[in-house]
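Since the structure comes first, as structure tokens, the remarks are kept for the end.
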Amino acid sequence: MPRITPNLWFDTQSEEAAEFYVSVFPNSEIKSITHYGEAGPGVPGSVLTVDFVLDGQQYTAINGGPQFTFDEAISLLINCADQDEIDYYWDKLSEGGSEGPCGWLKDKYGLSWQVVPGGMNELLNDPDQARGQRAMKAVLGMKKLDVAAIQAAADQA
């Protein structure tokens with residue numbers, strides 16, 4: 001089976017972005033960097049692509065120019081073990097970016113992330129539909145997700 005590698009398009013910041021991402025996630029590294037040659041279209045010697053791994057998931061970042069930018073149509077989801085992980089990833093990734101609703105944020109490069117607690121789907125799809133709806137209502141009122149507040153809302157009678 002072929003391996004699927006997300007390819008992230010940057011104007012000129014692919015190496016900087018890859019270095020940032022590997023500094024945030026454990027078990028991450030830059031694997032290789034390629035450069036434009038005389039054939040172009042980029043400036044000879046400038047970075048073309050950066051292959052990197054974030055906690056086991058392979059990515060490629062390309063300096064493709066300003067024609068395309070990130071939007072919310074795609075995001076990377078981080079299932080966090082607990083509130084400490086949510087706080088860590090939220091703080092690191094939102095710095096220089098922007099906070100959005102319901103656990104979504106954009107990093108300083110414009111890439112969208114969802115920072116959520118593990119088990120969120122199970123809670124929202126609880127057999128007690130009212131419980132799941134109370135949890136969803138709480139989520140809809142938050143930016144960074146607060147696990148204790150979501151759980152408390154779900155457990156209200």
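FYI, nothing fancy with the structure tokens labels: chains A, B, ... in order, residues from 1 per chain, ligands from 1 as they appear.
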
Which residues of stretch 36-114 of chain A come within 9 Å of stretch 131-155 of chain A, and for each one, what is the closest pair of atoms and their distance in Å to one decimal, counting only C-alpha atoms, sorted by chain and residue number, as JSON lines?
```
{"residue": "A:Asp82", "atom": "CA", "partner": "A:Val147", "partner_atom": "CA", "distance": 7.5}
{"residue": "A:Gln83", "atom": "CA", "partner": "A:Val147", "partner_atom": "CA", "distance": 6.2}
{"residue": "A:Ile86", "atom": "CA", "partner": "A:Leu145", "partner_atom": "CA", "distance": 7.4}
{"residue": "A:Asp87", "atom": "CA", "partner": "A:Lys144", "partner_atom": "CA", "distance": 7.9}
{"residue": "A:Trp90", "atom": "CA", "partner": "A:Lys144", "partner_atom": "CA", "distance": 7.0}
{"residue": "A:Glu99", "atom": "CA", "partner": "A:Lys143", "partner_atom": "CA", "distance": 6.6}
{"residue": "A:Gly100", "atom": "CA", "partner": "A:Lys143", "partner_atom": "CA", "distance": 5.7}
{"residue": "A:Pro101", "atom": "CA", "partner": "A:Lys143", "partner_atom": "CA", "distance": 4.4}
{"residue": "A:Cys102", "atom": "CA", "partner": "A:Lys143", "partner_atom": "CA", "distance": 5.1}
{"residue": "A:Gly103", "atom": "CA", "partner": "A:Lys144", "partner_atom": "CA", "distance": 4.9}
{"residue": "A:Trp104", "atom": "CA", "partner": "A:Lys143", "partner_atom": "CA", "distance": 7.0}
{"residue": "A:Leu105", "atom": "CA", "partner": "A:Lys143", "partner_atom": "CA", "distance": 8.3}
```

Just how far from atom CA of A:Ala39 is atom CA of A:Phe52, in Å to one decimal?
24.5 Å

Check which residues of stretch 78-116 of chain A sit at most 10 Å from stretch 20-25 of chain A using only C-alpha atoms, and return one row each with the closest pair of atoms and their distance in Å to one decimal, ordered by chain and rising number, as JSON lines.
```
{"residue": "A:Tyr88", "atom": "CA", "partner": "A:Val24", "partner_atom": "CA", "distance": 8.9}
{"residue": "A:Tyr89", "atom": "CA", "partner": "A:Val24", "partner_atom": "CA", "distance": 7.5}
{"residue": "A:Lys92", "atom": "CA", "partner": "A:Val24", "partner_atom": "CA", "distance": 6.9}
{"residue": "A:Leu93", "atom": "CA", "partner": "A:Val24", "partner_atom": "CA", "distance": 8.0}
```

Can I get the selection written as a PDB file, in the first residue's frame, with N, CA and C atoms?
```
ATOM      1  N   TYR A  88      -0.392  22.830  26.091  1.00  0.00           N
ATOM      2  CA  TYR A  88       0.930  22.880  25.461  1.00  0.00           C
ATOM      3  C   TYR A  88       0.799  23.157  23.957  1.00  0.00           C
ATOM      4  N   TYR A  89       0.027  22.318  23.251  1.00  0.00           N
ATOM      5  CA  TYR A  89      -0.069  22.478  21.800  1.00  0.00           C
ATOM      6  C   TYR A  89      -0.787  23.774  21.429  1.00  0.00           C
ATOM      7  N   LYS A  92       1.786  26.683  21.984  1.00  0.00           N
ATOM      8  CA  LYS A  92       2.883  26.661  21.003  1.00  0.00           C
ATOM      9  C   LYS A  92       2.390  27.031  19.612  1.00  0.00           C
ATOM     10  N   LEU A  93       1.299  26.404  19.184  1.00  0.00           N
ATOM     11  CA  LEU A  93       0.855  26.577  17.802  1.00  0.00           C
ATOM     12  C   LEU A  93       0.112  27.888  17.559  1.00  0.00           C
TER      13      LEU A  93
END
```

Can you tell me, as a list in words, what residues are no more than 12 Å from A:Gly37 when counting only C-alpha atoms, ignoring any on the same chain fewer than 6 positions away?
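Residues meeting the cut-off are Val43, Pro44, Gly45, Ser46, Val47 and Leu48 of chain A.
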
Write down as JSON, numbers by chain the residues of chain A whose backbone DSSP state falls under strand (DSSP E).
{"A": [7, 8, 9, 10, 29, 30, 31, 32, 33, 34, 35, 47, 48, 49, 50, 51, 52, 53, 54, 57, 58, 59, 60, 61, 62, 63, 75, 76, 77, 78, 79, 80, 98, 99, 104, 105, 106, 112, 113, 114, 115, 116, 117]}

Which of these, A:Gln58, A:Asn79, A:Gln13, A:Ser98, has the shortest distance to A:Asn121 once you count only C-alpha atoms?
A:Asn79

Picked from chain A by DSSP as helix (DSSP H, G or I), as a PyMOL selection string
chain A and resi 14-24+83-94+120-124+129-140+147-155

How would the residues just chosen look if you wrote them out with N, CA and C atoms as a short mmCIF file (atom, residue, chain, number, x, y, z; two decimals), in the first residue's frame?
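Saved as again.cif:
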```cif
data_model
loop_
_atom_site.label_atom_id
_atom_site.label_comp_id
_atom_site.auth_asym_id
_atom_site.auth_seq_id
_atom_site.Cartn_x
_atom_site.Cartn_y
_atom_site.Cartn_z
N SER A 14 9.17 27.23 3.98
CA SER A 14 9.06 25.79 4.26
C SER A 14 10.09 25.30 5.27
N GLU A 15 11.33 25.73 5.17
CA GLU A 15 12.35 25.27 6.11
C GLU A 15 12.08 25.83 7.51
N GLU A 16 11.76 27.10 7.60
CA GLU A 16 11.44 27.71 8.90
C GLU A 16 10.25 27.02 9.55
N ALA A 17 9.20 26.76 8.77
CA ALA A 17 8.00 26.11 9.30
C ALA A 17 8.32 24.69 9.77
N ALA A 18 9.06 23.94 8.96
CA ALA A 18 9.41 22.56 9.35
C ALA A 18 10.22 22.55 10.63
N GLU A 19 11.17 23.48 10.74
CA GLU A 19 11.96 23.56 11.98
C GLU A 19 11.07 23.88 13.18
N PHE A 20 10.10 24.77 12.99
CA PHE A 20 9.17 25.10 14.06
C PHE A 20 8.35 23.87 14.45
N TYR A 21 7.75 23.19 13.48
CA TYR A 21 6.90 22.04 13.79
C TYR A 21 7.68 20.93 14.49
N VAL A 22 8.90 20.63 14.05
CA VAL A 22 9.66 19.56 14.72
C VAL A 22 10.08 19.98 16.13
N SER A 23 10.14 21.28 16.40
CA SER A 23 10.45 21.73 17.76
C SER A 23 9.25 21.57 18.69
N VAL A 24 8.05 21.52 18.15
CA VAL A 24 6.82 21.44 18.94
C VAL A 24 6.45 19.99 19.27
N GLN A 83 -5.59 17.81 29.62
CA GLN A 83 -5.60 19.27 29.52
C GLN A 83 -4.19 19.84 29.38
N ASP A 84 -3.21 19.21 30.02
CA ASP A 84 -1.84 19.70 29.90
C ASP A 84 -1.37 19.66 28.45
N GLU A 85 -1.69 18.58 27.74
CA GLU A 85 -1.32 18.50 26.32
C GLU A 85 -2.07 19.53 25.50
N ILE A 86 -3.35 19.71 25.77
CA ILE A 86 -4.13 20.73 25.06
C ILE A 86 -3.48 22.09 25.26
N ASP A 87 -3.16 22.42 26.51
CA ASP A 87 -2.55 23.71 26.81
C ASP A 87 -1.22 23.87 26.08
N TYR A 88 -0.39 22.83 26.09
CA TYR A 88 0.93 22.88 25.46
C TYR A 88 0.80 23.16 23.96
N TYR A 89 0.03 22.32 23.25
CA TYR A 89 -0.07 22.48 21.80
C TYR A 89 -0.79 23.77 21.43
N TRP A 90 -1.80 24.14 22.19
CA TRP A 90 -2.52 25.38 21.92
C TRP A 90 -1.57 26.57 22.04
N ASP A 91 -0.82 26.61 23.13
CA ASP A 91 0.08 27.74 23.36
C ASP A 91 1.17 27.81 22.30
N LYS A 92 1.79 26.68 21.98
CA LYS A 92 2.88 26.66 21.00
C LYS A 92 2.39 27.03 19.61
N LEU A 93 1.30 26.40 19.18
CA LEU A 93 0.85 26.58 17.80
C LEU A 93 0.11 27.89 17.56
N SER A 94 -0.54 28.43 18.57
CA SER A 94 -1.29 29.68 18.35
C SER A 94 -0.39 30.91 18.47
N MET A 120 -13.22 12.69 22.51
CA MET A 120 -14.24 13.70 22.23
C MET A 120 -15.41 13.11 21.43
N ASN A 121 -15.12 12.31 20.41
CA ASN A 121 -16.19 11.73 19.60
C ASN A 121 -17.11 10.85 20.44
N GLU A 122 -16.52 10.07 21.35
CA GLU A 122 -17.32 9.20 22.20
C GLU A 122 -18.26 10.03 23.09
N LEU A 123 -17.74 11.14 23.63
CA LEU A 123 -18.57 11.99 24.48
C LEU A 123 -19.69 12.63 23.67
N LEU A 124 -19.36 13.16 22.51
CA LEU A 124 -20.38 13.83 21.69
C LEU A 124 -21.42 12.84 21.16
N GLN A 129 -28.22 11.06 24.46
CA GLN A 129 -28.07 12.16 23.51
C GLN A 129 -28.05 13.53 24.17
N ALA A 130 -28.79 13.70 25.24
CA ALA A 130 -28.81 14.98 25.94
C ALA A 130 -27.43 15.28 26.52
N ARG A 131 -26.77 14.26 27.02
CA ARG A 131 -25.42 14.44 27.57
C ARG A 131 -24.46 14.91 26.47
N GLY A 132 -24.50 14.25 25.32
CA GLY A 132 -23.66 14.65 24.20
C GLY A 132 -23.96 16.06 23.73
N GLN A 133 -25.23 16.46 23.72
CA GLN A 133 -25.61 17.80 23.30
C GLN A 133 -25.13 18.86 24.29
N ARG A 134 -25.17 18.53 25.59
CA ARG A 134 -24.65 19.48 26.58
C ARG A 134 -23.14 19.68 26.39
N ALA A 135 -22.44 18.60 26.09
CA ALA A 135 -21.00 18.71 25.84
C ALA A 135 -20.75 19.56 24.59
N MET A 136 -21.51 19.31 23.53
CA MET A 136 -21.34 20.08 22.29
C MET A 136 -21.63 21.56 22.51
N LYS A 137 -22.65 21.88 23.28
CA LYS A 137 -22.97 23.28 23.56
C LYS A 137 -21.80 23.95 24.28
N ALA A 138 -21.18 23.23 25.20
CA ALA A 138 -20.02 23.78 25.92
C ALA A 138 -18.87 24.03 24.94
N VAL A 139 -18.59 23.07 24.07
CA VAL A 139 -17.51 23.20 23.09
C VAL A 139 -17.74 24.41 22.19
N LEU A 140 -18.96 24.60 21.77
CA LEU A 140 -19.28 25.71 20.86
C LEU A 140 -19.04 27.08 21.49
N VAL A 147 -11.26 20.63 29.15
CA VAL A 147 -11.78 19.28 29.36
C VAL A 147 -12.72 19.23 30.56
N ALA A 148 -12.31 19.82 31.68
CA ALA A 148 -13.13 19.77 32.89
C ALA A 148 -14.47 20.47 32.67
N ALA A 149 -14.47 21.60 31.99
CA ALA A 149 -15.71 22.33 31.75
C ALA A 149 -16.63 21.56 30.79
N ILE A 150 -16.05 20.90 29.81
CA ILE A 150 -16.85 20.10 28.87
C ILE A 150 -17.49 18.92 29.63
N GLN A 151 -16.69 18.27 30.44
CA GLN A 151 -17.18 17.12 31.22
C GLN A 151 -18.27 17.58 32.20
N ALA A 152 -18.05 18.70 32.87
CA ALA A 152 -19.05 19.21 33.81
C ALA A 152 -20.35 19.54 33.11
N ALA A 153 -20.27 20.14 31.93
CA ALA A 153 -21.46 20.47 31.17
C ALA A 153 -22.21 19.19 30.76
N ALA A 154 -21.45 18.20 30.33
CA ALA A 154 -22.06 16.93 29.92
C ALA A 154 -22.77 16.25 31.08
N ASP A 155 -22.20 16.36 32.27
CA ASP A 155 -22.72 15.66 33.44
C ASP A 155 -23.84 16.41 34.17
#
```

Hey, which of A:Gly97, A:Gly118, A:Gly64, A:Pro127 ends up closest to A:Leu8? Count only C-alpha atoms.
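Smallest separation from A:Leu8 among the options: A:Gly64.
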
Interatomic distance, atom CA of A:Val50 to atom CA of A:Asp107 (Å, one decimal)
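These two atoms are separated by 18.3 Å.
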
Contacts of A:Ala73 within 12 Å, only C-alpha atoms, excl. fewer than 5 positions in-chain, as JSON, numbers by chain:
{"A": [110, 111, 112, 113]}

Serialized selection, N, CA and C atoms, as a short mmCIF file (atom, residue, chain, number, x, y, z; two decimals), in the first residue's frame:
```cif
data_model
loop_
_atom_site.label_atom_id
_atom_site.label_comp_id
_atom_site.auth_asym_id
_atom_site.auth_seq_id
_atom_site.Cartn_x
_atom_site.Cartn_y
_atom_site.Cartn_z
N GLY A 110 -0.33 30.19 8.94
CA GLY A 110 -1.68 30.12 8.37
C GLY A 110 -2.27 28.73 8.33
N LEU A 111 -1.53 27.71 8.79
CA LEU A 111 -2.03 26.33 8.78
C LEU A 111 -3.01 26.14 9.93
N SER A 112 -4.16 25.52 9.65
CA SER A 112 -5.19 25.30 10.66
C SER A 112 -4.95 23.99 11.41
N TRP A 113 -5.18 24.05 12.71
CA TRP A 113 -5.03 22.90 13.61
C TRP A 113 -6.29 22.79 14.46
#
```

Do you have the atom CA of A:Asn27-atom CA of A:Val53 distance handy?
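For atom CA of A:Asn27 relative to atom CA of A:Val53, the distance reads 8.0 Å.
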
Between A:Gly56, A:Gly119, A:Asn63, A:Glu72, which residue has the minimum interatomic distance to A:His35, considering only C-alpha atoms?
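Counting only C-alpha atoms, the residue closest to A:His35 is A:Asn63.
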
Tell me, as a CSV table (one decimal) with N, CA and C atoms, in the first residue's frame, which residues lie within 9 Å of stretch 65-69 of chain A, counting only C-alpha atoms; anything in the same chain fewer than 2 positions away does not count.
```csv
chain,number,residue,atom,x,y,z
A,9,TRP,N,2.1,23.6,1.1
A,9,TRP,CA,2.6,24.6,0.2
A,9,TRP,C,2.9,25.9,1.0
A,10,PHE,N,4.1,26.4,0.9
A,10,PHE,CA,4.5,27.7,1.5
A,10,PHE,C,5.0,28.6,0.4
A,11,ASP,N,5.0,29.9,0.7
A,11,ASP,CA,5.6,30.9,-0.2
A,11,ASP,C,7.1,30.6,-0.2
A,12,THR,N,7.8,31.0,0.9
A,12,THR,CA,9.2,30.8,1.0
A,12,THR,C,9.7,30.3,2.4
A,42,GLY,N,12.5,28.5,-9.0
A,42,GLY,CA,12.9,29.3,-7.9
A,42,GLY,C,14.3,29.8,-8.0
A,62,ILE,N,6.9,22.5,0.7
A,62,ILE,CA,7.4,23.1,-0.6
A,62,ILE,C,7.4,24.6,-0.6
A,63,ASN,N,8.4,25.2,-1.0
A,63,ASN,CA,8.4,26.6,-1.3
A,63,ASN,C,7.9,26.8,-2.7
A,71,ASP,N,-6.1,27.5,4.0
A,71,ASP,CA,-7.4,28.0,4.5
A,71,ASP,C,-8.0,26.9,5.4
A,110,GLY,N,-0.3,30.2,8.9
A,110,GLY,CA,-1.7,30.1,8.4
A,110,GLY,C,-2.3,28.7,8.3
A,111,LEU,N,-1.5,27.7,8.8
A,111,LEU,CA,-2.0,26.3,8.8
A,111,LEU,C,-3.0,26.1,9.9
```
